[in-house]
Amino acid sequence: MHIVEIPMEKRVTQDRFSALLDAAVDGVFVINSSGEIEVANQAVERLLGYEQQEMLGRNIKYFMPSPYRENHDQYLADHMRTEETKIIGIGREVEAQHKDGMIIQIYLSVGRYDDGEEVKFVGIMRDLSELKKSEAELQSAESEIHELVNRLAQVSRIGVMGEMAASIAHEINQPLTAISTYAQAATRLMQNDPSQAEQVEKTLEKINAQALRAGDIIKGLRSWIRDQDTERKSCDCNQLITEVVDIARMEAHNSDVLLKMELDTTELMVMCDPVQIQQVILNLIKNSIDAVDEFFTNKIDERRVVTIQSKRLEKERIEVSVSDLGPGIPADKSEELFTPFFTTKENEMGMGLSICQTIIRSHGGELAYENNPDAGVRFCFSLPTAV
Ligand code: ADP
């Protein structure tokens with residue numbers, strides 16, 4: 001701490017005052033009515049990067065960036081004349097310029113006093129850079145969450161598909177009931193009077209029409225999924241997986257299942273509709289979580305793990321797989337697995353794998369599975385690499 005022109009007799013008091021100022025965390029300085037710095041503590045030195053000797057006697061404006069630097073003399077002169085103030089007793093956020101040229105954000109409070117000879121101003125400056133940094137970090141965390149919520153909304157379209165499947169199931173119920181009723185009627189007609197062949201034929205035609213209607217509804221569902229805002233673009237496969245795993249983590253955590261990623265260490269660029277592919281991965285992960293959660297009754301069993309892998313295949317393809325150590329798929333279920341409405345769960349629709357297969361086929365691939373040699377199952381599909 002250095003204070004200019006200290007009379008000898010005041011030295012002891014002054015030293016105590018200096019020690020006190022230097023102990024302050026905030027920068028404290030005193031300027032005279034022309035703006036020249038008379039006192040500056042060590043915190044000012046740290047904040048602005050100047051030695052105290054370099055600051056003392058210099059005008060405070062040189063520590064401000066433009067346009068404040070150019071305007072400060074005038075501002076001070078106006079204040080001395082009118083006593084109007086924009087800062088004294090109020091305090092506000094201002095900018096200062098570090099010795100290395102960097103602009104720093106500070107909170108400045110200013111007080112005015114008369115030392116008997118002239119008016120002086122004492123300023124207290126607080127470094128806001130840490131606060132600004134945390135504010136920026138908070139903001140970026142907020143926008144990340146926002147982004148994640150948006151992605152979740154997109155990816156959970158598969159949930160919307162589930163709901164749609166429910167209403168389709170309801171619609172299909174009608175033609176199916178009609179088929180059954182007409183078939184019973186035809187059987188009765190044949191039994192009661194075999195000569196009524198014409199009548200039976202008409203009834204069979206009706207059965208046929210209703211069966212075709214049911215088929216059309218299913219076809220409609222498949223093409224709706226295929227045509228949905230399909231876009232093909234070059235995407236980073238590992239990033240797609242990482243984002244989906246982030247989304248699935250909450251559910252995995254609630255079910256005490258560990259999600260493990262084994263991603264290829266090279267960059268894997270694929271051509272795909274990212275939202276659709278994320279729906280597929282999410283569905284496979286959820287299926288595996290359900291499977292291990294039901295299979296291992298002990299919540300701390302270390303086999304409660306789902307592994308998501310990516311790797312480069314030959315012929316310019318990238319493979320994504322989801323595997324678990326659960327019950328696997330019984331051989332007699334392999335036929336039905338990818339058909340709509342096949343489910344072994346009480347509250348599910350059984351549409352997931354069927355929709356996933358449609359999506360993967362529309363990407364020129366095939367969703368396949370194999371039971372692992374020791375335990376569980378591994379679902380996998382491949383996508384073309386993006387050039
Ligand atoms: P949902 O999940 O609605 O039942 P899916 O089409 O996704 O429909 O799955 C159909 C069925 O396939 C499931 O009900 C389950 O019996 C079986 N399945 C899917 N994934 C696995 C898995 N990882 N392990 C064991 N069985 C599975």
# chains A, B, ... in the order shown; residues from 1 in each chain; ligands from 1
>>> residues_around(residues="Ile329 (chain A)", least_positions_apart="5", cutoff="9 Å", atoms="only C-alpha atoms", output="JSON, numbers by chain")
{"A": [334, 337, 369, 370, 371, 376, 377]}
>>> residues_near_ligand(ligand="ligand 1", cutoff="8 Å", atoms="only C-alpha atoms and all ligand atoms", output="PyMOL selection string")
chain A and resi 283-292+323-324+326-329+337-345+347-355+376-379
>>> write_last_selection(atoms="N, CA and C atoms", output="compact mmCIF listing (two decimals), in the first residue's frame")
# COMPACT_ATOMS: atom_id res chain seq x y z
N ASN A 283 -35.84 -47.21 -27.40
CA ASN A 283 -36.75 -48.32 -27.22
C ASN A 283 -36.00 -49.60 -26.84
N LEU A 284 -34.85 -49.82 -27.49
CA LEU A 284 -34.07 -51.02 -27.18
C LEU A 284 -33.54 -50.95 -25.75
N ILE A 285 -33.08 -49.75 -25.36
CA ILE A 285 -32.57 -49.60 -23.98
C ILE A 285 -33.70 -49.86 -22.98
N LYS A 286 -34.89 -49.28 -23.26
CA LYS A 286 -36.01 -49.46 -22.33
C LYS A 286 -36.40 -50.94 -22.22
N ASN A 287 -36.42 -51.62 -23.36
CA ASN A 287 -36.74 -53.06 -23.33
C ASN A 287 -35.74 -53.82 -22.47
N SER A 288 -34.45 -53.48 -22.62
CA SER A 288 -33.43 -54.18 -21.83
C SER A 288 -33.57 -53.85 -20.35
N ILE A 289 -33.87 -52.57 -20.05
CA ILE A 289 -34.06 -52.20 -18.64
C ILE A 289 -35.21 -53.02 -18.06
N ASP A 290 -36.33 -53.08 -18.80
CA ASP A 290 -37.50 -53.86 -18.33
C ASP A 290 -37.11 -55.31 -18.10
N ALA A 291 -36.34 -55.85 -19.07
CA ALA A 291 -36.00 -57.28 -19.00
C ALA A 291 -35.14 -57.59 -17.78
N VAL A 292 -34.06 -56.83 -17.56
CA VAL A 292 -33.19 -57.14 -16.42
C VAL A 292 -33.88 -56.82 -15.10
N SER A 323 -27.23 -54.56 -25.46
CA SER A 323 -27.32 -55.93 -24.94
C SER A 323 -27.49 -55.94 -23.43
N ASP A 324 -28.04 -57.04 -22.96
CA ASP A 324 -28.24 -57.18 -21.51
C ASP A 324 -28.03 -58.63 -21.12
N GLY A 326 -30.25 -60.32 -19.27
CA GLY A 326 -31.56 -60.78 -18.78
C GLY A 326 -31.92 -62.16 -19.29
N PRO A 327 -33.24 -62.42 -19.43
CA PRO A 327 -33.71 -63.77 -19.78
C PRO A 327 -33.45 -64.16 -21.23
N GLY A 328 -33.19 -63.17 -22.10
CA GLY A 328 -33.02 -63.48 -23.52
C GLY A 328 -34.37 -63.73 -24.16
N ILE A 329 -34.36 -64.09 -25.45
CA ILE A 329 -35.63 -64.31 -26.17
C ILE A 329 -35.80 -65.82 -26.38
N LEU A 337 -41.76 -61.77 -32.42
CA LEU A 337 -41.10 -60.66 -31.74
C LEU A 337 -41.31 -59.29 -32.40
N PHE A 338 -41.18 -59.26 -33.72
CA PHE A 338 -41.26 -57.98 -34.42
C PHE A 338 -42.67 -57.69 -34.96
N THR A 339 -43.63 -58.52 -34.60
CA THR A 339 -44.98 -58.24 -35.11
C THR A 339 -45.69 -57.27 -34.16
N PRO A 340 -46.58 -56.41 -34.76
CA PRO A 340 -47.27 -55.45 -33.91
C PRO A 340 -48.11 -56.16 -32.85
N PHE A 341 -48.17 -55.57 -31.71
CA PHE A 341 -48.99 -56.01 -30.56
C PHE A 341 -48.48 -57.26 -29.87
N PHE A 342 -47.25 -57.73 -30.23
CA PHE A 342 -46.71 -58.84 -29.46
C PHE A 342 -46.03 -58.28 -28.21
N THR A 343 -46.52 -58.66 -27.07
CA THR A 343 -45.90 -58.20 -25.83
C THR A 343 -46.07 -59.25 -24.74
N THR A 344 -45.10 -59.26 -23.81
CA THR A 344 -45.27 -60.14 -22.66
C THR A 344 -45.50 -59.29 -21.40
N LYS A 345 -45.66 -57.96 -21.66
CA LYS A 345 -45.84 -57.06 -20.50
C LYS A 345 -47.31 -56.68 -20.35
N ASN A 347 -48.79 -53.87 -19.21
CA ASN A 347 -49.30 -52.55 -19.58
C ASN A 347 -48.69 -51.99 -20.84
N GLU A 348 -48.14 -52.83 -21.67
CA GLU A 348 -47.50 -52.31 -22.88
C GLU A 348 -48.29 -52.72 -24.11
N MET A 349 -47.96 -52.03 -25.22
CA MET A 349 -48.70 -52.26 -26.46
C MET A 349 -48.06 -53.31 -27.35
N GLY A 350 -46.75 -53.52 -27.15
CA GLY A 350 -46.07 -54.46 -28.05
C GLY A 350 -45.84 -53.89 -29.44
N MET A 351 -45.78 -52.55 -29.52
CA MET A 351 -45.55 -51.91 -30.83
C MET A 351 -44.09 -51.55 -31.04
N GLY A 352 -43.32 -51.50 -29.93
CA GLY A 352 -41.96 -50.95 -29.99
C GLY A 352 -41.07 -51.57 -31.05
N LEU A 353 -40.86 -52.88 -30.96
CA LEU A 353 -39.92 -53.54 -31.89
C LEU A 353 -40.43 -53.48 -33.32
N SER A 354 -41.76 -53.54 -33.47
CA SER A 354 -42.32 -53.47 -34.81
C SER A 354 -42.03 -52.10 -35.44
N ILE A 355 -42.22 -51.04 -34.66
CA ILE A 355 -41.93 -49.68 -35.16
C ILE A 355 -40.42 -49.54 -35.41
N GLY A 376 -28.79 -63.51 -21.62
CA GLY A 376 -29.32 -62.26 -22.17
C GLY A 376 -29.34 -62.23 -23.69
N VAL A 377 -29.63 -61.03 -24.19
CA VAL A 377 -29.81 -60.88 -25.63
C VAL A 377 -29.11 -59.62 -26.12
N ARG A 378 -28.78 -59.64 -27.40
CA ARG A 378 -28.12 -58.48 -27.98
C ARG A 378 -28.92 -58.10 -29.23
N PHE A 379 -29.52 -56.88 -29.21
CA PHE A 379 -30.22 -56.36 -30.39
C PHE A 379 -29.24 -55.47 -31.15
>>> atom_distance(atom1="CA of Lys61 (chain A)", atom2="CA of Thr82 (chain A)")
20.2 Å
>>> atom_distance(atom1="CA of Pro67 (chain A)", atom2="CA of Glu95 (chain A)")
10.5 Å
>>> closest_residue(among="A:Ile87, A:Leu56, A:Ala386, A:Leu138", to="Asn32 (chain A)", atoms="only C-alpha atoms")
A:Leu56
>>> select_by_dssp(residues="region 203-361 of chain A", states="strand (DSSP E)", output="MDAnalysis selection string")
chainID A and resid 233:236 258:262 269:272 305:312 317:324
>>> write_last_selection(atoms="N, CA and C atoms", output="CSV table (one decimal), in the first residue's frame")
chain,number,residue,atom,x,y,z
A,233,LYS,N,-29.5,-37.1,-42.6
A,233,LYS,CA,-28.4,-36.2,-42.6
A,233,LYS,C,-27.2,-36.9,-41.9
A,234,SER,N,-26.1,-36.2,-42.1
A,234,SER,CA,-24.9,-36.8,-41.5
A,234,SER,C,-24.8,-36.5,-40.0
A,235,CYS,N,-24.7,-37.6,-39.2
A,235,CYS,CA,-24.8,-37.4,-37.8
A,235,CYS,C,-23.6,-38.2,-37.1
A,236,ASP,N,-23.2,-37.7,-36.0
A,236,ASP,CA,-22.2,-38.3,-35.2
A,236,ASP,C,-22.9,-39.4,-34.4
A,258,LEU,N,-27.7,-50.2,-14.5
A,258,LEU,CA,-26.6,-49.4,-14.9
A,258,LEU,C,-26.5,-49.4,-16.4
A,259,LEU,N,-26.4,-48.2,-17.0
A,259,LEU,CA,-26.2,-48.1,-18.4
A,259,LEU,C,-24.7,-47.9,-18.7
A,260,LYS,N,-24.2,-48.8,-19.6
A,260,LYS,CA,-22.8,-48.8,-19.9
A,260,LYS,C,-22.6,-48.5,-21.4
A,261,MET,N,-21.7,-47.5,-21.7
A,261,MET,CA,-21.5,-47.3,-23.1
A,261,MET,C,-20.1,-47.8,-23.5
A,262,GLU,N,-20.0,-48.5,-24.6
A,262,GLU,CA,-18.7,-48.9,-25.1
A,262,GLU,C,-18.7,-48.4,-26.5
A,269,MET,N,-19.5,-41.3,-38.4
A,269,MET,CA,-20.5,-40.4,-39.0
A,269,MET,C,-21.5,-41.3,-39.8
A,270,VAL,N,-22.8,-41.2,-39.5
A,270,VAL,CA,-23.8,-42.0,-40.2
A,270,VAL,C,-24.8,-41.1,-40.9
A,271,MET,N,-25.4,-41.7,-41.9
A,271,MET,CA,-26.5,-41.0,-42.6
A,271,MET,C,-27.8,-41.5,-42.0
A,272,CYS,N,-28.6,-40.7,-41.4
A,272,CYS,CA,-29.9,-41.1,-40.8
A,272,CYS,C,-30.8,-40.0,-40.4
A,305,VAL,N,-27.2,-54.7,-15.8
A,305,VAL,CA,-26.4,-53.8,-16.6
A,305,VAL,C,-26.9,-53.8,-18.1
A,306,VAL,N,-27.0,-52.7,-18.7
A,306,VAL,CA,-27.4,-52.7,-20.1
A,306,VAL,C,-26.2,-52.0,-20.9
A,307,THR,N,-25.7,-52.7,-21.9
A,307,THR,CA,-24.5,-52.1,-22.6
A,307,THR,C,-24.9,-51.6,-24.0
A,308,ILE,N,-24.5,-50.4,-24.3
A,308,ILE,CA,-24.8,-49.8,-25.6
A,308,ILE,C,-23.4,-49.7,-26.3
A,309,GLN,N,-23.4,-50.3,-27.5
A,309,GLN,CA,-22.1,-50.3,-28.2
A,309,GLN,C,-22.2,-49.7,-29.5
A,310,SER,N,-21.1,-49.1,-30.0
A,310,SER,CA,-21.0,-48.7,-31.4
A,310,SER,C,-19.7,-49.2,-32.0
A,311,LYS,N,-19.8,-49.7,-33.2
A,311,LYS,CA,-18.5,-50.1,-33.8
A,311,LYS,C,-18.6,-50.0,-35.4
A,312,ARG,N,-17.4,-49.8,-35.9
A,312,ARG,CA,-17.3,-49.8,-37.4
A,312,ARG,C,-17.3,-51.2,-38.0
A,317,ARG,N,-20.3,-49.5,-43.1
A,317,ARG,CA,-21.5,-49.5,-42.2
A,317,ARG,C,-21.0,-49.4,-40.7
A,318,ILE,N,-22.0,-48.8,-39.9
A,318,ILE,CA,-21.7,-48.7,-38.5
A,318,ILE,C,-22.7,-49.5,-37.8
A,319,GLU,N,-22.3,-50.2,-36.8
A,319,GLU,CA,-23.3,-51.0,-36.0
A,319,GLU,C,-23.5,-50.5,-34.6
A,320,VAL,N,-24.8,-50.4,-34.3
A,320,VAL,CA,-25.2,-50.0,-32.9
A,320,VAL,C,-25.8,-51.2,-32.3
A,321,SER,N,-25.5,-51.5,-31.0
A,321,SER,CA,-26.1,-52.7,-30.4
A,321,SER,C,-26.4,-52.3,-28.9
A,322,VAL,N,-27.5,-53.0,-28.5
A,322,VAL,CA,-27.9,-52.9,-27.1
A,322,VAL,C,-28.0,-54.3,-26.5
A,323,SER,N,-27.2,-54.6,-25.5
A,323,SER,CA,-27.3,-55.9,-24.9
A,323,SER,C,-27.5,-55.9,-23.4
A,324,ASP,N,-28.0,-57.0,-23.0
A,324,ASP,CA,-28.2,-57.2,-21.5
A,324,ASP,C,-28.0,-58.6,-21.1
>>> residues_around(residues="Ala43 (chain A)", least_positions_apart="2", cutoff="10 Å", atoms="only C-alpha atoms", output="PDB file with C-alpha atoms, in the first residue's frame")
ATOM      1  CA  MET A   1       0.000   0.000   0.000  1.00  0.00           C
ATOM      2  CA  LEU A  21      -7.051  -1.058   3.392  1.00  0.00           C
ATOM      3  CA  ASP A  22      -4.738  -3.778   2.161  1.00  0.00           C
ATOM      4  CA  ALA A  23      -6.628  -6.341   4.201  1.00  0.00           C
ATOM      5  CA  ALA A  24      -9.795  -5.497   2.275  1.00  0.00           C
ATOM      6  CA  VAL A  25     -10.869  -8.000  -0.342  1.00  0.00           C
ATOM      7  CA  ASP A  26     -12.414  -5.276  -2.498  1.00  0.00           C
ATOM      8  CA  GLY A  27     -10.368  -2.684  -4.329  1.00  0.00           C
ATOM      9  CA  VAL A  28     -10.368   0.665  -2.524  1.00  0.00           C
ATOM     10  CA  PHE A  29      -9.063   3.857  -4.071  1.00  0.00           C
ATOM     11  CA  ALA A  40      -5.015   2.492  -4.115  1.00  0.00           C
ATOM     12  CA  ASN A  41      -4.903  -0.684  -2.050  1.00  0.00           C
ATOM     13  CA  GLU A  45      -3.417  -3.769  -7.865  1.00  0.00           C
ATOM     14  CA  ARG A  46      -4.627  -7.369  -8.241  1.00  0.00           C
ATOM     15  CA  LEU A  47      -7.755  -6.344 -10.118  1.00  0.00           C
ATOM     16  CA  LEU A  48      -6.131  -4.041 -12.649  1.00  0.00           C
ATOM     17  CA  GLY A  49      -2.739  -5.696 -12.942  1.00  0.00           C
ATOM     18  CA  GLN A  52       0.575   0.675  -7.018  1.00  0.00           C
ATOM     19  CA  ILE A 124     -14.792   0.551  -3.751  1.00  0.00           C
ATOM     20  CA  MET A 125     -14.599  -1.909  -6.598  1.00  0.00           C
ATOM     21  CA  ARG A 126     -15.649  -5.529  -6.502  1.00  0.00           C
ATOM     22  CA  ASP A 127     -14.508  -7.994  -9.118  1.00  0.00           C
TER      23      ASP A 127
END
>>> closest_residue(among="A:Leu367, A:Ile103, A:Leu204, A:Ala197", to="Thr181 (chain A)", atoms="only C-alpha atoms")
A:Leu204
>>> closest_residue(among="A:Cys237, A:Ala248, A:Ile104, A:Ala96", to="Leu263 (chain A)", atoms="only C-alpha atoms")
A:Cys237
>>> atom_distance(atom1="CA of Ser134 (chain A)", atom2="CA of Ser66 (chain A)")
26.0 Å
>>> closest_residue(among="A:Ile37, A:Ile106, A:Ile88, A:Ala185", to="Lys132 (chain A)", atoms="only C-alpha atoms")
A:Ile106
